[in-house]
Amino acid sequence: MTAPAAYTPTEMMTVVAARALGNSDVCFVGIGAPSAACNLARLTHAPDITLIYESGTIATKPNVLPLSIGDGELCETALTTVSVPEMFRYWLQGGRITVGFLGGAQVDRFANLNTTVVGPYDKPKVRLPGGGGAPEIATSCGEVCIIMAQGKRSFVDKVDFVTSLGHGEGGDHRARLGVKTKGPTRVITDLCVMEPDPVSRELTVVAMHPGVTREQIVENTGWDVKFAAKIAETPPPSAQELSVLRDLQARTKAAIRGGR
Amino acid sequence: MARFLPLSAAVEEVVRDGDTTAFEGFTHLIPYAAGHETIRQSRKDLTLVRMTPDILYDQLIGMGAAKKMVFSWGGNPGVGSLHRFRDAYERGWPRPLEIEEHSHAAMANAYEAGAAGLPFAVFRGYRGAELARVNPNIKSVTCPYTGEVLATVPAVRLDSAVIHAQKADRAGNVLLEGIVGVQKEAVLSSKRALVTVEEIVDDLGPRSFNACILPHWTITAITAVPGGAHPSYTQGYYKRDNAFYEAWDAISRDRDSFAAWIDANVMQKGPGAFTRYARK
């Protein structure tokens, strides 16, 4: 076996997230890691994937990653651009999105997400940007994929504020709230992949990235994290995945520098 | 009926102290030049409404123009926090700021209800979301046909709306193209509307039969301010200045560097300063 190409944990995370997507997906994309992963999927194994950004751009094919959710690049390369009310009413609420990609400042053991405040709502330690599209992405998309770098401060037992519903208090909590979609089906980190337990809905480690130890995962998780009986090892990024991702990011950097 | 006014007169006419007002734009077409004129005219006690308050609201809040912000996502997209907003909200500088917080779906629906003249918006949302606990304006209604419980929020009702667009013709009809956000809804939800445009033309030119056009009788005042959306962008004219959005993080982190930037780039300047960003 030849030595694997050197890659960063963030690249591993992005590649795993890209692999989770297929040609038939209609994907609601957030800025940052989700945007990199979705476009990597489009530029490798899923050329026909439909990427939708909340600014109203449908089936967009950006050549560089947008810095914001509404860069001109998204509109210029889209099949069509609709108004923001139409985006949220017809396309998201209408149930036409198969998978939503979300991240956050905190995620908890039941995959609830916080992007609102650290600390109490009225007297926050840190005031974060807020929910944006996430509260309804979390409940209206067929399923949700969470992508976040793992650490004790971000992977917490209970989020300070439930911006976006994951599996609530676990079990059938989503169904009891009248939510019919699946919610978070996997959490992809720079160390591992977690999936909700079929009954308790507690996030459980199902795959570990190459070279990562159980101790590392335990140290970087704020709850007593459980491991599935059978743990897969994530295949490392292929040379093609890495080169496409790096080219995309190099083009993006050059575009930001050249934008002035 | 739209009147063509210089920017200072247009802002004076449309944006008044104590207004509930929106300078709308979803990344694209953000009316920076009009916002800067509002800062120069020292507007006070504004309730600033916007789905995605970014640098422009950071500037207005940092200058003490706002008493309240109604929003759904407040940040510097792809970069980080709004430091002037956080200083006002967390530490009361230069004055305390009240907030009313929603999700994008709620705000988009609320704008549409405002444009439609309805008292409130109804949508499938906020399920399991804690904003419903902290924002008393988030309520629910039971569908009389199916029994489904749906979320409601009050319609957006604005004293004034300010937007930027590509062009107006000489009658004052305004054309918006590209990512149109909620600007049409903002104008139609308002009592008074100001539109800054890249150019005023004899004819709006070739366009789709379904182009987004605001008829002249929906607008109070129009001003040509080429480059007036910078560092945001105008599709077909100039790109988003992503490097400035990144630079704002350091400028705004500190009260003194913020004040110095505003003095040099807003107080000592006029709308003509935006011309250098306008290129086609």
# chains A, B, ... in the order shown; residues from 1 in each chain; ligands from 1
call {"tool": "closest_atom_pairs", "arguments": {"of": "range 153-209 of chain B", "to": "range 68-90 of chain B", "cutoff": "12 Å", "atoms": "only C-alpha atoms", "output": "Markdown table"}}
result
| residue | atom | partner | partner_atom | distance |
| --- | --- | --- | --- | --- |
| B:Pro154 | CA | B:Val70 | CA | 12.0 |
| B:Val156 | CA | B:Val70 | CA | 9.8 |
| B:Arg157 | CA | B:Val70 | CA | 11.7 |
| B:Leu158 | CA | B:Val70 | CA | 11.6 |
call {"tool": "write_last_selection", "arguments": {"atoms": "N, CA and C atoms", "output": "mmCIF file, in the first residue's frame"}}
result
data_model
loop_
_atom_site.group_PDB
_atom_site.id
_atom_site.type_symbol
_atom_site.label_atom_id
_atom_site.label_comp_id
_atom_site.auth_asym_id
_atom_site.auth_seq_id
_atom_site.Cartn_x
_atom_site.Cartn_y
_atom_site.Cartn_z
ATOM 1 N N PRO B 154 -46.295 39.128 12.958
ATOM 2 C CA PRO B 154 -46.950 40.323 12.414
ATOM 3 C C PRO B 154 -46.333 40.708 11.064
ATOM 4 N N VAL B 156 -44.595 43.018 8.313
ATOM 5 C CA VAL B 156 -43.671 44.157 8.370
ATOM 6 C C VAL B 156 -44.432 45.398 7.917
ATOM 7 N N ARG B 157 -44.418 46.419 8.743
ATOM 8 C CA ARG B 157 -45.037 47.702 8.382
ATOM 9 C C ARG B 157 -43.983 48.782 8.552
ATOM 10 N N LEU B 158 -43.606 49.399 7.464
ATOM 11 C CA LEU B 158 -42.495 50.341 7.503
ATOM 12 C C LEU B 158 -42.964 51.779 7.305
#
call {"tool": "interface_residues", "arguments": {"of": "chain B", "to": "chain A", "cutoff": "6 Å", "atoms": "only C-alpha atoms", "output": "count of residues only"}}
result
21
call {"tool": "residues_around", "arguments": {"residues": "range 212-224 of chain A", "least_positions_apart": "2", "cutoff": "8 Å", "atoms": "only C-alpha atoms", "output": "PDB file with N, CA and C atoms, in the first residue's frame"}}
result
ATOM      1  N   ARG A 109     -25.999  16.431  21.995  1.00  0.00           N
ATOM      2  CA  ARG A 109     -26.038  14.977  21.791  1.00  0.00           C
ATOM      3  C   ARG A 109     -27.252  14.525  20.980  1.00  0.00           C
ATOM      4  N   GLN A 150     -14.883  19.431  15.325  1.00  0.00           N
ATOM      5  CA  GLN A 150     -15.255  18.908  16.637  1.00  0.00           C
ATOM      6  C   GLN A 150     -14.379  19.470  17.745  1.00  0.00           C
ATOM      7  N   GLY A 151     -14.989  19.794  18.881  1.00  0.00           N
ATOM      8  CA  GLY A 151     -14.259  20.282  20.042  1.00  0.00           C
ATOM      9  C   GLY A 151     -15.188  20.282  21.246  1.00  0.00           C
ATOM     10  N   LYS A 152     -14.615  20.336  22.456  1.00  0.00           N
ATOM     11  CA  LYS A 152     -15.450  20.234  23.667  1.00  0.00           C
ATOM     12  C   LYS A 152     -16.401  21.412  23.823  1.00  0.00           C
ATOM     13  N   ARG A 153     -15.978  22.589  23.335  1.00  0.00           N
ATOM     14  CA  ARG A 153     -16.843  23.773  23.487  1.00  0.00           C
ATOM     15  C   ARG A 153     -17.958  23.799  22.466  1.00  0.00           C
ATOM     16  N   SER A 154     -17.791  23.100  21.337  1.00  0.00           N
ATOM     17  CA  SER A 154     -18.835  23.119  20.309  1.00  0.00           C
ATOM     18  C   SER A 154     -19.715  21.866  20.341  1.00  0.00           C
ATOM     19  N   PHE A 155     -19.182  20.751  20.796  1.00  0.00           N
ATOM     20  CA  PHE A 155     -19.970  19.516  20.918  1.00  0.00           C
ATOM     21  C   PHE A 155     -20.345  19.356  22.389  1.00  0.00           C
ATOM     22  N   VAL A 156     -21.534  19.883  22.740  1.00  0.00           N
ATOM     23  CA  VAL A 156     -21.912  20.035  24.148  1.00  0.00           C
ATOM     24  C   VAL A 156     -23.068  19.100  24.499  1.00  0.00           C
ATOM     25  N   ASP A 157     -23.200  18.848  25.799  1.00  0.00           N
ATOM     26  CA  ASP A 157     -24.269  17.956  26.256  1.00  0.00           C
ATOM     27  C   ASP A 157     -25.634  18.544  25.897  1.00  0.00           C
ATOM     28  N   LEU A 191     -13.001  14.694  12.773  1.00  0.00           N
ATOM     29  CA  LEU A 191     -12.477  13.470  13.392  1.00  0.00           C
ATOM     30  C   LEU A 191     -13.254  12.214  13.003  1.00  0.00           C
ATOM     31  N   CYS A 192     -14.576  12.383  12.851  1.00  0.00           N
ATOM     32  CA  CYS A 192     -15.402  11.182  12.712  1.00  0.00           C
ATOM     33  C   CYS A 192     -16.747  11.510  12.064  1.00  0.00           C
ATOM     34  N   MET A 208     -14.669   6.517  11.909  1.00  0.00           N
ATOM     35  CA  MET A 208     -13.561   7.372  12.334  1.00  0.00           C
ATOM     36  C   MET A 208     -12.634   7.618  11.156  1.00  0.00           C
ATOM     37  N   HIS A 209     -12.097   8.847  11.086  1.00  0.00           N
ATOM     38  CA  HIS A 209     -11.197   9.178   9.990  1.00  0.00           C
ATOM     39  C   HIS A 209      -9.833   8.529  10.249  1.00  0.00           C
ATOM     40  N   PRO A 210      -9.036   8.284   9.197  1.00  0.00           N
ATOM     41  CA  PRO A 210      -7.764   7.586   9.360  1.00  0.00           C
ATOM     42  C   PRO A 210      -6.866   8.282  10.382  1.00  0.00           C
ATOM     43  N   LYS A 226     -21.057   7.773  22.788  1.00  0.00           N
ATOM     44  CA  LYS A 226     -21.110   6.325  22.564  1.00  0.00           C
ATOM     45  C   LYS A 226     -20.567   6.000  21.166  1.00  0.00           C
TER      46      LYS A 226
END
call {"tool": "residues_around", "arguments": {"residues": "Ile30 in chain B", "least_positions_apart": "4", "cutoff": "12 Å", "atoms": "only C-alpha atoms", "output": "JSON, numbers by chain"}}
result
{"A": [70], "B": [22, 23, 24, 25, 26, 34, 35, 36, 50, 51, 52, 53, 54, 55, 56, 57, 161, 162, 163, 164, 165, 166, 179, 180, 181, 182, 183, 195, 196, 197, 227, 228, 229, 230, 231, 232, 233, 234, 235, 240]}
call {"tool": "residues_around", "arguments": {"residues": "Val134 in chain B", "least_positions_apart": "2", "cutoff": "10 Å", "atoms": "only C-alpha atoms", "output": "PyMOL selection string"}}
result
(chain A and resi 121-122) or (chain B and resi 100-101+130-132+136-138)
call {"tool": "residues_around", "arguments": {"residues": "Arg170 in chain B", "least_positions_apart": "6", "cutoff": "8 Å", "atoms": "only C-alpha atoms", "output": "PyMOL selection string"}}
result
chain B and resi 200-203
call {"tool": "select_by_dssp", "arguments": {"residues": "range 10-259 of chain B", "states": "strand (DSSP E or B)", "output": "PyMOL selection string"}}
result
chain B and resi 20-23+28+46-50+66-71+76+80+98-101+120-123+139-142+149-154+158-169+174-176+190-201+212-214+221-224+233-234+238
call {"tool": "residues_around", "arguments": {"residues": "Ala65 in chain B", "least_positions_apart": "2", "cutoff": "8 Å", "atoms": "only C-alpha atoms", "output": "list in words"}}
result
Ile39, Ser42, Arg43, Lys44, Asp45, Leu46, Leu60, Ile61, Gly62, Met63 and Lys67 of chain B
call {"tool": "write_last_selection", "arguments": {"atoms": "N, CA and C atoms", "output": "mmCIF file, in the first residue's frame"}}
result
data_model
loop_
_atom_site.group_PDB
_atom_site.id
_atom_site.type_symbol
_atom_site.label_atom_id
_atom_site.label_comp_id
_atom_site.auth_asym_id
_atom_site.auth_seq_id
_atom_site.Cartn_x
_atom_site.Cartn_y
_atom_site.Cartn_z
ATOM 1 N N ILE B 39 -26.465 58.671 8.112
ATOM 2 C CA ILE B 39 -25.513 58.909 9.205
ATOM 3 C C ILE B 39 -25.108 60.387 9.228
ATOM 4 N N SER B 42 -27.477 62.544 10.907
ATOM 5 C CA SER B 42 -27.657 62.242 12.345
ATOM 6 C C SER B 42 -29.061 61.784 12.705
ATOM 7 N N ARG B 43 -29.648 60.894 11.888
ATOM 8 C CA ARG B 43 -30.955 60.343 12.250
ATOM 9 C C ARG B 43 -30.868 59.620 13.590
ATOM 10 N N LYS B 44 -31.982 59.709 14.359
ATOM 11 C CA LYS B 44 -32.004 59.119 15.691
ATOM 12 C C LYS B 44 -33.223 58.216 15.866
ATOM 13 N N ASP B 45 -33.082 57.301 16.822
ATOM 14 C CA ASP B 45 -34.204 56.472 17.300
ATOM 15 C C ASP B 45 -34.853 55.637 16.213
ATOM 16 N N LEU B 46 -34.060 55.198 15.241
ATOM 17 C CA LEU B 46 -34.619 54.353 14.185
ATOM 18 C C LEU B 46 -34.831 52.934 14.701
ATOM 19 N N LEU B 60 -24.599 52.184 11.069
ATOM 20 C CA LEU B 60 -25.684 52.997 11.620
ATOM 21 C C LEU B 60 -25.790 52.809 13.145
ATOM 22 N N ILE B 61 -25.663 51.543 13.581
ATOM 23 C CA ILE B 61 -25.754 51.247 15.019
ATOM 24 C C ILE B 61 -24.554 51.842 15.752
ATOM 25 N N GLY B 62 -23.368 51.713 15.179
ATOM 26 C CA GLY B 62 -22.159 52.255 15.804
ATOM 27 C C GLY B 62 -22.214 53.763 15.954
ATOM 28 N N MET B 63 -22.982 54.432 15.086
ATOM 29 C CA MET B 63 -23.130 55.883 15.159
ATOM 30 C C MET B 63 -24.339 56.295 16.013
ATOM 31 N N LYS B 67 -32.467 52.562 17.823
ATOM 32 C CA LYS B 67 -32.836 52.129 19.173
ATOM 33 C C LYS B 67 -33.194 50.649 19.174
#
